[in-house]
$ cat entry-v9.cif   # mmCIF, C-alpha atoms and all ligand atoms
data_start
#
loop_
_atom_site.label_atom_id
_atom_site.label_comp_id
_atom_site.auth_asym_id
_atom_site.auth_seq_id
_atom_site.Cartn_x
_atom_site.Cartn_y
_atom_site.Cartn_z
CA MET A 27 18.71 6.85 5.31
CA LYS A 28 18.53 4.79 8.52
CA LYS A 29 17.42 1.16 8.36
CA GLN A 30 13.93 0.09 9.30
CA GLU A 31 13.32 -3.01 11.37
CA VAL A 32 10.31 -4.99 10.17
CA ILE A 33 9.21 -7.78 12.48
CA LEU A 34 6.63 -10.45 11.74
CA CYS A 35 5.28 -10.95 15.25
CA ASP A 36 4.28 -14.11 17.06
CA LYS A 37 3.60 -12.10 20.20
CA LEU A 38 2.92 -8.44 19.54
CA GLU A 39 3.45 -7.28 23.14
CA LYS A 40 6.85 -8.95 23.32
CA GLU A 41 8.00 -7.29 20.09
CA LEU A 42 6.55 -3.96 21.16
CA LEU A 43 8.41 -4.18 24.44
CA TYR A 44 11.60 -4.86 22.51
CA ALA A 45 10.95 -2.00 20.06
CA MET A 46 10.14 0.48 22.82
CA GLY A 47 13.00 -0.75 24.99
CA SER A 48 15.55 -0.29 22.24
CA LYS A 49 15.11 3.50 22.29
CA SER A 50 14.88 6.16 24.94
CA TYR A 51 11.86 8.45 24.89
CA ASP A 52 10.17 10.78 27.35
CA LYS A 53 6.50 10.39 26.43
CA LEU A 54 4.64 7.74 24.50
CA PHE A 55 1.82 8.63 22.10
CA VAL A 56 -0.48 6.20 20.32
CA LEU A 57 -2.44 7.15 17.23
CA THR A 58 -5.48 5.15 16.14
CA ASP A 59 -8.44 5.86 13.92
CA GLU A 60 -11.95 5.42 15.27
CA HIS A 61 -12.12 1.84 13.96
CA THR A 62 -8.77 0.60 15.20
CA ALA A 63 -9.44 2.33 18.54
CA LEU A 64 -12.43 0.03 18.85
CA TYR A 65 -11.25 -3.22 17.27
CA CYS A 66 -7.44 -3.31 17.52
CA LEU A 67 -6.32 -1.10 20.40
CA PRO A 68 -7.93 -3.36 23.06
CA VAL A 69 -5.31 -6.02 22.16
CA ILE A 70 -2.47 -3.85 23.51
CA LYS A 71 -4.20 -1.08 25.47
CA GLU A 72 -3.51 -2.47 28.93
CA PHE A 73 0.12 -3.01 28.02
CA LEU A 74 0.43 0.55 26.69
CA GLN A 75 -1.26 2.01 29.75
CA LYS A 76 1.54 0.59 31.88
CA TYR A 77 3.85 2.91 29.93
CA HIS A 78 1.53 5.90 30.46
CA ALA A 79 0.64 6.09 26.79
CA ILE A 80 -1.35 9.10 25.65
CA PHE A 81 -4.01 8.02 23.16
CA MET A 82 -5.10 10.06 20.15
CA THR A 83 -7.91 9.07 17.76
CA ILE A 84 -8.61 10.45 14.31
CA PRO A 85 -11.56 9.84 11.97
CA ALA A 86 -11.18 6.76 9.76
CA GLY A 87 -10.97 6.59 5.96
CA ASP A 88 -8.86 8.00 3.16
CA LEU A 89 -11.17 11.04 2.89
CA ASN A 90 -9.81 12.09 6.28
CA LYS A 91 -6.17 11.86 5.25
CA THR A 92 -6.17 15.64 5.14
CA VAL A 93 -4.23 18.61 6.36
CA GLU A 94 -7.02 19.24 8.91
CA THR A 95 -6.50 15.81 10.47
CA LEU A 96 -2.75 16.37 10.41
CA VAL A 97 -3.20 19.69 12.25
CA ASN A 98 -5.39 17.86 14.76
CA VAL A 99 -2.55 15.39 15.46
CA TRP A 100 0.12 18.12 15.66
CA THR A 101 -2.13 20.08 18.04
CA GLN A 102 -2.66 17.10 20.32
CA LEU A 103 1.05 16.30 20.34
CA SER A 104 1.83 19.91 21.18
CA ASN A 105 -0.88 20.37 23.84
CA LYS A 106 -0.08 17.06 25.50
CA GLY A 107 3.59 17.92 25.89
CA ALA A 108 5.31 15.91 23.16
CA THR A 109 8.98 16.80 22.77
CA ARG A 110 11.58 15.91 20.18
CA HIS A 111 12.31 12.86 22.35
CA SER A 112 8.77 11.51 22.34
CA LEU A 113 7.74 8.32 20.57
CA LEU A 114 4.64 7.82 18.43
CA ILE A 115 3.00 4.47 17.71
CA ASN A 116 0.67 4.37 14.70
CA LEU A 117 -1.88 1.58 15.00
CA GLY A 118 -4.04 1.26 11.92
CA GLY A 119 -4.31 0.91 8.18
CA GLY A 120 -2.46 2.87 5.52
CA MET A 121 -4.31 6.09 6.25
CA THR A 122 -3.14 6.07 9.89
CA THR A 123 0.43 4.98 9.16
CA ASP A 124 0.79 7.51 6.28
CA LEU A 125 -0.64 10.45 8.22
CA GLY A 126 0.86 9.44 11.56
CA GLY A 127 4.24 8.93 9.90
CA PHE A 128 4.03 12.39 8.35
CA ALA A 129 3.01 13.94 11.69
CA ALA A 130 5.99 12.23 13.36
CA ALA A 131 8.40 13.22 10.58
CA THR A 132 7.44 16.90 10.85
CA PHE A 133 6.64 17.51 14.52
CA LYS A 134 9.62 19.35 16.03
CA ARG A 135 11.44 18.43 12.80
CA GLY A 136 10.96 14.76 13.45
CA ILE A 137 10.24 12.34 16.27
CA ARG A 138 10.65 8.58 16.23
CA TYR A 139 7.76 6.37 15.34
CA ILE A 140 6.67 2.75 15.21
CA ASN A 141 4.05 1.39 12.82
CA ILE A 142 1.68 -1.41 13.77
CA PRO A 143 -0.31 -2.00 10.57
CA THR A 144 -3.70 -3.61 10.99
CA THR A 145 -4.79 -4.13 7.35
CA LEU A 146 -3.15 -6.36 4.76
CA LEU A 147 -2.52 -3.37 2.49
CA ALA A 148 -0.70 -1.54 5.28
CA MET A 149 1.25 -4.66 6.31
CA VAL A 150 2.69 -5.44 2.90
CA ASP A 151 2.90 -1.93 1.50
CA ALA A 152 1.91 1.34 3.20
CA SER A 153 3.59 0.88 6.58
CA VAL A 154 6.90 -0.34 5.13
CA GLY A 155 9.39 1.82 3.25
CA GLY A 156 8.97 5.30 4.69
CA LYS A 157 6.49 6.95 2.34
CA THR A 158 4.40 9.26 4.52
CA GLY A 159 1.91 11.94 3.60
CA ILE A 160 -1.59 13.27 3.16
CA ASN A 161 -3.98 13.93 0.30
CA PHE A 162 -4.16 17.57 -0.77
CA ASN A 163 -6.03 19.67 -3.30
CA GLY A 164 -7.98 16.64 -4.51
CA LEU A 165 -4.82 14.63 -5.18
CA LYS A 166 -3.77 11.49 -3.37
CA ASN A 167 -0.54 11.61 -1.35
CA GLU A 168 0.21 15.02 -2.81
CA VAL A 169 2.18 16.26 0.22
CA GLY A 170 4.54 14.11 2.24
CA VAL A 171 8.09 13.07 2.99
CA PHE A 172 10.19 9.93 3.02
CA ALA A 173 10.70 9.04 6.69
CA LEU A 174 11.18 5.47 7.86
CA ALA A 175 9.48 4.19 10.96
CA ASP A 176 12.03 2.81 13.42
CA ASN A 177 10.09 -0.44 13.58
CA VAL A 178 7.18 -2.00 11.75
CA LEU A 179 5.50 -4.68 13.84
CA ILE A 180 3.29 -6.95 11.79
CA ASP A 181 0.75 -9.08 13.64
CA THR A 182 -1.31 -10.99 11.09
CA ASN A 183 -3.90 -11.83 13.77
CA PHE A 184 -5.41 -8.44 13.00
CA LEU A 185 -6.28 -9.79 9.54
CA LYS A 186 -8.90 -12.09 11.01
CA THR A 187 -11.18 -9.10 11.59
CA LEU A 188 -10.75 -7.77 8.05
CA ASP A 189 -13.57 -8.13 5.51
CA ARG A 190 -12.96 -9.99 2.24
CA GLU A 191 -12.69 -6.83 0.11
CA ASN A 192 -10.04 -5.27 2.30
CA LEU A 193 -8.14 -8.53 2.49
CA PHE A 194 -8.14 -8.82 -1.30
CA SER A 195 -7.19 -5.19 -1.70
CA GLY A 196 -3.95 -5.94 0.18
CA TYR A 197 -3.50 -9.23 -1.64
CA ALA A 198 -3.22 -7.35 -4.94
CA GLU A 199 -0.05 -5.65 -3.68
CA MET A 200 1.26 -9.10 -2.69
CA LEU A 201 0.53 -10.34 -6.20
CA LYS A 202 2.49 -7.36 -7.51
CA HIS A 203 5.42 -8.35 -5.28
CA GLY A 204 5.14 -11.88 -6.71
CA LEU A 205 5.27 -10.56 -10.28
CA ILE A 206 8.35 -8.43 -9.63
CA SER A 207 10.21 -11.12 -7.68
CA ASN A 208 10.27 -14.71 -8.95
CA VAL A 209 8.13 -17.40 -10.58
CA LYS A 210 8.00 -19.57 -7.44
CA HIS A 211 6.49 -16.83 -5.28
CA TRP A 212 4.19 -15.64 -8.07
CA ALA A 213 2.91 -19.23 -8.52
CA GLU A 214 2.29 -19.78 -4.81
CA LEU A 215 0.28 -16.56 -4.69
CA LEU A 216 -1.87 -17.69 -7.64
CA ASN A 217 -2.35 -21.10 -6.00
CA PHE A 218 -3.36 -19.73 -2.59
CA SER A 219 -6.92 -20.83 -1.90
CA THR A 220 -9.00 -17.70 -1.67
CA ASP A 221 -12.26 -19.48 -0.80
CA GLU A 222 -11.26 -20.38 2.70
CA ILE A 223 -8.37 -18.30 3.97
CA ASP A 224 -5.62 -20.30 5.66
CA TYR A 225 -4.21 -17.63 8.00
CA VAL A 226 -1.10 -19.66 8.82
CA LYS A 227 -0.18 -19.85 5.13
CA LEU A 228 -1.15 -16.23 4.65
CA LYS A 229 1.29 -15.20 7.39
CA VAL A 230 4.12 -16.98 5.56
CA LEU A 231 3.18 -15.23 2.31
CA VAL A 232 2.98 -11.87 4.07
CA GLY A 233 6.50 -12.42 5.44
CA LYS A 234 7.84 -13.11 1.94
CA SER A 235 5.98 -10.15 0.49
CA VAL A 236 7.34 -7.71 3.05
CA GLN A 237 10.85 -9.01 2.48
CA ILE A 238 10.55 -8.31 -1.26
CA LYS A 239 9.47 -4.74 -0.58
CA GLU A 240 12.16 -4.22 2.07
CA ASN A 241 14.90 -5.45 -0.29
CA ILE A 242 13.81 -2.99 -2.95
CA VAL A 243 13.45 -0.06 -0.55
CA GLU A 244 16.90 -0.74 0.90
CA GLN A 245 18.44 -0.53 -2.56
CA ASP A 246 16.58 2.65 -3.53
CA PRO A 247 14.84 4.41 -0.62
CA PHE A 248 14.01 7.60 -2.55
CA GLU A 249 12.62 5.95 -5.70
CA GLN A 250 15.30 7.05 -8.12
CA GLY A 251 15.48 3.66 -9.83
CA ILE A 252 14.52 0.12 -8.85
CA ARG A 253 11.88 1.22 -6.29
CA LYS A 254 9.81 2.14 -9.36
CA ALA A 255 9.27 -1.63 -9.72
CA LEU A 256 6.71 -1.21 -6.92
CA ASN A 257 4.67 0.97 -9.27
CA LEU A 258 3.68 -1.99 -11.46
CA GLY A 259 -0.07 -1.75 -12.07
CA HIS A 260 -0.28 1.67 -10.46
CA THR A 261 -0.13 3.97 -13.51
CA VAL A 262 -3.39 2.55 -14.84
CA GLY A 263 -4.61 1.57 -11.36
CA HIS A 264 -4.54 5.17 -10.12
CA ALA A 265 -6.50 6.25 -13.21
CA PHE A 266 -9.18 3.60 -12.51
CA GLU A 267 -9.24 4.67 -8.87
CA SER A 268 -9.65 8.37 -9.74
CA LEU A 269 -12.40 7.60 -12.27
CA SER A 270 -14.19 5.43 -9.72
CA PHE A 271 -14.24 8.33 -7.25
CA GLU A 272 -15.28 10.87 -9.85
CA GLU A 273 -18.17 8.67 -10.95
CA ASN A 274 -19.24 7.91 -7.41
CA ARG A 275 -18.57 4.19 -7.68
CA PRO A 276 -15.47 4.03 -5.46
CA VAL A 277 -13.20 1.00 -5.55
CA LEU A 278 -10.53 -0.06 -3.07
CA HIS A 279 -6.94 0.78 -3.98
CA GLY A 280 -5.83 -2.84 -4.38
CA TYR A 281 -8.71 -3.64 -6.70
CA ALA A 282 -7.72 -0.74 -8.95
CA VAL A 283 -4.12 -1.98 -8.86
CA ALA A 284 -5.24 -5.52 -9.79
CA TRP A 285 -7.09 -4.21 -12.86
CA GLY A 286 -4.14 -1.90 -13.54
CA MET A 287 -1.87 -4.96 -13.57
CA VAL A 288 -4.10 -6.63 -16.18
CA CYS A 289 -3.53 -3.59 -18.41
CA GLU A 290 0.15 -3.15 -17.70
CA LEU A 291 0.94 -6.85 -18.15
CA TYR A 292 -0.73 -6.59 -21.54
CA LEU A 293 1.51 -3.61 -22.34
CA SER A 294 4.42 -5.72 -21.08
CA SER A 295 3.44 -8.49 -23.48
CA ILE A 296 3.45 -6.20 -26.52
CA LYS A 297 6.37 -3.98 -25.54
CA THR A 298 8.79 -6.07 -23.50
CA GLY A 299 7.77 -9.64 -24.40
CA PHE A 300 6.05 -10.76 -21.18
CA PRO A 301 4.99 -14.39 -21.86
CA ALA A 302 1.41 -15.01 -22.96
CA ASP A 303 0.84 -17.98 -20.61
CA LYS A 304 1.80 -16.00 -17.51
CA LEU A 305 -0.35 -13.09 -18.70
CA ARG A 306 -3.30 -15.46 -19.07
CA GLN A 307 -2.81 -17.11 -15.66
CA THR A 308 -2.49 -13.80 -13.83
CA ILE A 309 -5.54 -12.34 -15.54
CA TYR A 310 -7.56 -15.47 -14.72
CA PHE A 311 -6.74 -15.07 -11.00
CA ILE A 312 -7.62 -11.38 -11.03
CA LYS A 313 -10.86 -11.90 -12.90
CA GLU A 314 -11.90 -14.70 -10.54
CA ASN A 315 -11.15 -12.80 -7.35
CA TYR A 316 -11.59 -9.12 -8.20
CA GLY A 317 -14.23 -9.09 -10.90
CA CYS A 318 -13.78 -6.05 -13.09
CA PHE A 319 -14.21 -2.30 -13.25
CA ALA A 320 -16.63 -1.49 -16.05
CA ILE A 321 -15.50 1.00 -18.67
CA ASP A 322 -16.53 1.67 -22.24
CA CYS A 323 -14.55 3.39 -24.97
CA ASN A 324 -16.02 6.79 -24.02
CA LYS A 325 -13.89 6.66 -20.85
CA TYR A 326 -10.55 6.21 -22.60
CA ASP A 327 -9.80 9.93 -22.94
CA LYS A 328 -10.60 10.56 -19.30
CA LEU A 329 -8.43 7.65 -18.14
CA TYR A 330 -5.64 8.84 -20.41
CA ALA A 331 -5.91 12.36 -18.94
CA TYR A 332 -5.63 10.95 -15.41
CA MET A 333 -2.55 9.01 -16.45
CA LEU A 334 -0.98 12.15 -17.91
CA HIS A 335 -1.31 13.82 -14.50
CA ASP A 336 0.36 10.99 -12.60
CA LYS A 337 3.15 12.37 -10.41
CA LYS A 338 5.49 9.59 -11.58
CA ASN A 339 5.67 11.09 -15.08
CA THR A 340 8.51 13.26 -16.34
CA ALA A 341 8.18 15.85 -19.12
CA GLY A 342 4.61 14.81 -19.94
CA ILE A 343 5.58 11.23 -20.80
CA ILE A 344 3.48 8.56 -19.11
CA ASN A 345 5.79 6.36 -17.11
CA PHE A 346 5.19 2.63 -16.72
CA THR A 347 6.97 -0.20 -14.97
CA LEU A 348 6.75 -3.23 -17.25
CA LEU A 349 8.04 -6.79 -17.10
CA LYS A 350 9.99 -8.96 -19.55
CA GLU A 351 9.27 -11.97 -17.38
CA VAL A 352 8.17 -12.56 -13.81
CA GLY A 353 11.00 -10.94 -11.84
CA ASP A 354 12.57 -9.27 -14.87
CA ILE A 355 11.70 -5.60 -14.40
CA CYS A 356 11.83 -2.78 -16.95
CA ILE A 357 11.40 0.63 -15.30
CA ASN A 358 10.89 3.98 -17.11
CA GLN A 359 8.91 2.55 -20.02
CA SER A 360 6.56 4.71 -22.03
CA ALA A 361 3.63 4.00 -24.33
CA ASP A 362 1.87 6.27 -26.81
CA LYS A 363 -1.82 7.10 -26.85
CA GLU A 364 -2.59 4.50 -29.50
CA GLU A 365 -0.94 1.72 -27.48
CA ILE A 366 -2.72 2.85 -24.34
CA PHE A 367 -6.12 2.81 -26.05
CA GLU A 368 -5.32 -0.64 -27.48
CA MET A 369 -4.51 -1.70 -23.91
CA PHE A 370 -7.97 -0.57 -22.77
CA ASP A 371 -9.51 -2.53 -25.68
CA PHE A 372 -7.65 -5.62 -24.46
CA TYR A 373 -8.80 -5.01 -20.86
CA ARG A 374 -12.44 -4.75 -21.93
CA GLU A 375 -12.18 -7.82 -24.12
CA CYS A 376 -10.64 -10.06 -21.50
CA MET A 377 -13.02 -8.80 -18.81
CA GLY A 378 -15.96 -9.47 -21.12
CA LEU A 379 -17.06 -5.82 -21.24
N1 LIG A 401 3.84 1.84 -2.48
C1 LIG A 401 4.98 1.85 -3.29
C2 LIG A 401 6.21 2.25 -2.57
O1 LIG A 401 6.26 2.24 -1.36
O2 LIG A 401 7.16 2.62 -3.20
#
$ encode --input "entry-v9.cif" --output "structure tokens"
Amino acid sequence: MKKQEVILCDKLEKELLYAMGSKSYDKLFVLTDEHTALYCLPVIKEFLQKYHAIFMTIPAGDLNKTVETLVNVWTQLSNKGATRHSLLINLGGGMTTDLGGFAAATFKRGIRYINIPTTLLAMVDASVGGKTGINFNGLKNEVGVFALADNVLIDTNFLKTLDRENLFSGYAEMLKHGLISNVKHWAELLNFSTDEIDYVKLKVLVGKSVQIKENIVEQDPFEQGIRKALNLGHTVGHAFESLSFEENRPVLHGYAVAWGMVCELYLSSIKTGFPADKLRQTIYFIKENYGCFAIDCNKYDKLYAYMLHDKKNTAGIINFTLLKEVGDICINQSADKEEIFEMFDFYRECMGL
């Protein structure tokens, strides 16, 4: 797999000029959703117009990460004369970079693309590492391919327009990167003041976070081994997320992952010896900043059923990534139903439910 160049930008236009200049293309396309068209595109629109960019806008939100929206993008590319030598820029959150990346990877068997993520979640996770795709048949990211963007240009100035919930949703993935990397980074994430965001400090933390993800993806681009470290918190997190949608009380992805990490760190403590003090400190941070997702014991079977259907499982065994210590990763761990129900008991107890 080719290498992806991730750049933490001081001046977005300068880096974009460099990224565009480093490749030859015949036509330039820019994909935004209806929100980023309004709030983010103006930052670079004039610049892009100089290069005769053709703008395409899709509806915002994960509910629109569908095959219909994908067809809409393919159709526009086709009708507006895109060739195999065209270049696509995806400007937006994870929905736009996932769907735009998939459109680029499949149109004429693949055109080059650049991601400019505008949410924290997309900056530290979705836009980096080449996972592209759409939701299908009621399942998240059910259809897609691995296809790296040529460049990912991260401009943390976009974060200043993000609401608190979306900022924290992304921060949960950063916390995950802290847990799978080293104690120093984990501790600085827990000590970051979340009352008043220091965007200069946040930019430094984003840079470190992206580097952690890049290092892992470089070692294992197709998730055969160590890339599974990035699934910490996600086995339970996806179950919380699915339940939240089913019960019409939707939660943001990162929030579900944060609560998923509470559960999976508990499993780590009983199965792989994750230290009690670090469990306590991480849970304290999550409780303070994310609150909790309310469940009672009547939901355990449903959550367990969701976990059984997780696409990361093999042969019906629920697959977890656990930790022995911060930075000491144990992939391909399993837990039985009794342990999983005990984990939910722990979650409810520490969340005061
Ligand atoms: N979001 C996890 C990964 O990219 O592997």
$ closest_atom_pairs --input "entry-v9.cif" --of "segment 158-195 of chain A" --to "segment 141-145 of chain A" --cutoff "10 Å" --atoms "all atoms listed in the file" --output "JSON lines"
{"residue": "A:Leu174", "atom": "CA", "partner": "A:Asn141", "partner_atom": "CA", "distance": 9.6}
{"residue": "A:Ala175", "atom": "CA", "partner": "A:Asn141", "partner_atom": "CA", "distance": 6.4}
{"residue": "A:Asp176", "atom": "CA", "partner": "A:Asn141", "partner_atom": "CA", "distance": 8.1}
{"residue": "A:Asn177", "atom": "CA", "partner": "A:Asn141", "partner_atom": "CA", "distance": 6.4}
{"residue": "A:Val178", "atom": "CA", "partner": "A:Asn141", "partner_atom": "CA", "distance": 4.7}
{"residue": "A:Leu179", "atom": "CA", "partner": "A:Ile142", "partner_atom": "CA", "distance": 5.0}
{"residue": "A:Ile180", "atom": "CA", "partner": "A:Ile142", "partner_atom": "CA", "distance": 6.1}
{"residue": "A:Asp181", "atom": "CA", "partner": "A:Thr144", "partner_atom": "CA", "distance": 7.5}
{"residue": "A:Thr182", "atom": "CA", "partner": "A:Thr144", "partner_atom": "CA", "distance": 7.8}
{"residue": "A:Asn183", "atom": "CA", "partner": "A:Thr144", "partner_atom": "CA", "distance": 8.7}
{"residue": "A:Phe184", "atom": "CA", "partner": "A:Thr144", "partner_atom": "CA", "distance": 5.5}
{"residue": "A:Leu185", "atom": "CA", "partner": "A:Thr145", "partner_atom": "CA", "distance": 6.2}
{"residue": "A:Lys186", "atom": "CA", "partner": "A:Thr145", "partner_atom": "CA", "distance": 9.7}
{"residue": "A:Thr187", "atom": "CA", "partner": "A:Thr145", "partner_atom": "CA", "distance": 9.1}
{"residue": "A:Leu188", "atom": "CA", "partner": "A:Thr145", "partner_atom": "CA", "distance": 7.0}
{"residue": "A:Asp189", "atom": "CA", "partner": "A:Thr145", "partner_atom": "CA", "distance": 9.8}
{"residue": "A:Asn192", "atom": "CA", "partner": "A:Thr145", "partner_atom": "CA", "distance": 7.4}
{"residue": "A:Leu193", "atom": "CA", "partner": "A:Thr145", "partner_atom": "CA", "distance": 7.4}
{"residue": "A:Ser195", "atom": "CA", "partner": "A:Thr145", "partner_atom": "CA", "distance": 9.4}
$ closest_residue --input "entry-v9.cif" --among "A:Ala152, A:Cys318, A:Val169, A:Ala108" --to "ligand LIG 401 (chain A)" --atoms "only C-alpha atoms and all ligand atoms"
A:Ala152
$ residues_near_ligand --input "entry-v9.cif" --ligand "ligand LIG 401 (chain A)" --cutoff "10 Å" --atoms "only C-alpha atoms and all ligand atoms" --output "number ranges by chain"
A: 147-148, 150-158, 172, 199, 239-240, 242-243, 246-249, 252-258, 260
$ closest_residue --input "entry-v9.cif" --among "A:Tyr326, A:Leu38, A:Tyr225, A:Phe300" --to "Ala265 of chain A" --atoms "only C-alpha atoms"
A:Tyr326
$ closest_residue --input "entry-v9.cif" --among "A:Arg275, A:Lys304, A:Arg138, A:His264" --to "Met333 of chain A" --atoms "only C-alpha atoms"
A:His264
$ atom_distance --input "entry-v9.cif" --atom1 "atom CA of Ala173 of chain A" --atom2 "atom CA of Ala131 of chain A"
6.2 Å
$ closest_residue --input "entry-v9.cif" --among "A:Gly119, A:Gly259, A:Gly136, A:Gly87" --to "Trp100 of chain A" --atoms "all atoms listed in the file"
A:Gly136
$ atom_distance --input "entry-v9.cif" --atom1 "atom CA of Asn116 of chain A" --atom2 "atom CA of Thr261 of chain A"
28.2 Å
$ atom_distance --input "entry-v9.cif" --atom1 "atom CA of Ala282 of chain A" --atom2 "atom CA of Phe319 of chain A"
7.9 Å
$ residues_near_point --input "entry-v9.cif" --point "(11.9, 6.2, 24.0)" --cutoff "7 Å" --atoms "only C-alpha atoms" --output "list in words"
Met46, Lys49, Ser50, Tyr51, Asp52, His111, Ser112 and Leu113 of chain A
$ residues_around --input "entry-v9.cif" --residues "Ala331 of chain A" --least-positions-apart "5" --cutoff "12 Å" --atoms "all atoms listed in the file" --output "CSV table (one decimal) with C-alpha atoms, keeping the file's coordinate frame"
chain,number,residue,atom,x,y,z
A,261,THR,CA,-0.1,4.0,-13.5
A,262,VAL,CA,-3.4,2.6,-14.8
A,264,HIS,CA,-4.5,5.2,-10.1
A,265,ALA,CA,-6.5,6.2,-13.2
A,266,PHE,CA,-9.2,3.6,-12.5
A,268,SER,CA,-9.6,8.4,-9.7
A,269,LEU,CA,-12.4,7.6,-12.3
A,325,LYS,CA,-13.9,6.7,-20.8
A,326,TYR,CA,-10.6,6.2,-22.6
A,336,ASP,CA,0.4,11.0,-12.6
A,342,GLY,CA,4.6,14.8,-19.9
A,343,ILE,CA,5.6,11.2,-20.8
A,344,ILE,CA,3.5,8.6,-19.1
A,363,LYS,CA,-1.8,7.1,-26.8
A,366,ILE,CA,-2.7,2.8,-24.3
A,367,PHE,CA,-6.1,2.8,-26.0
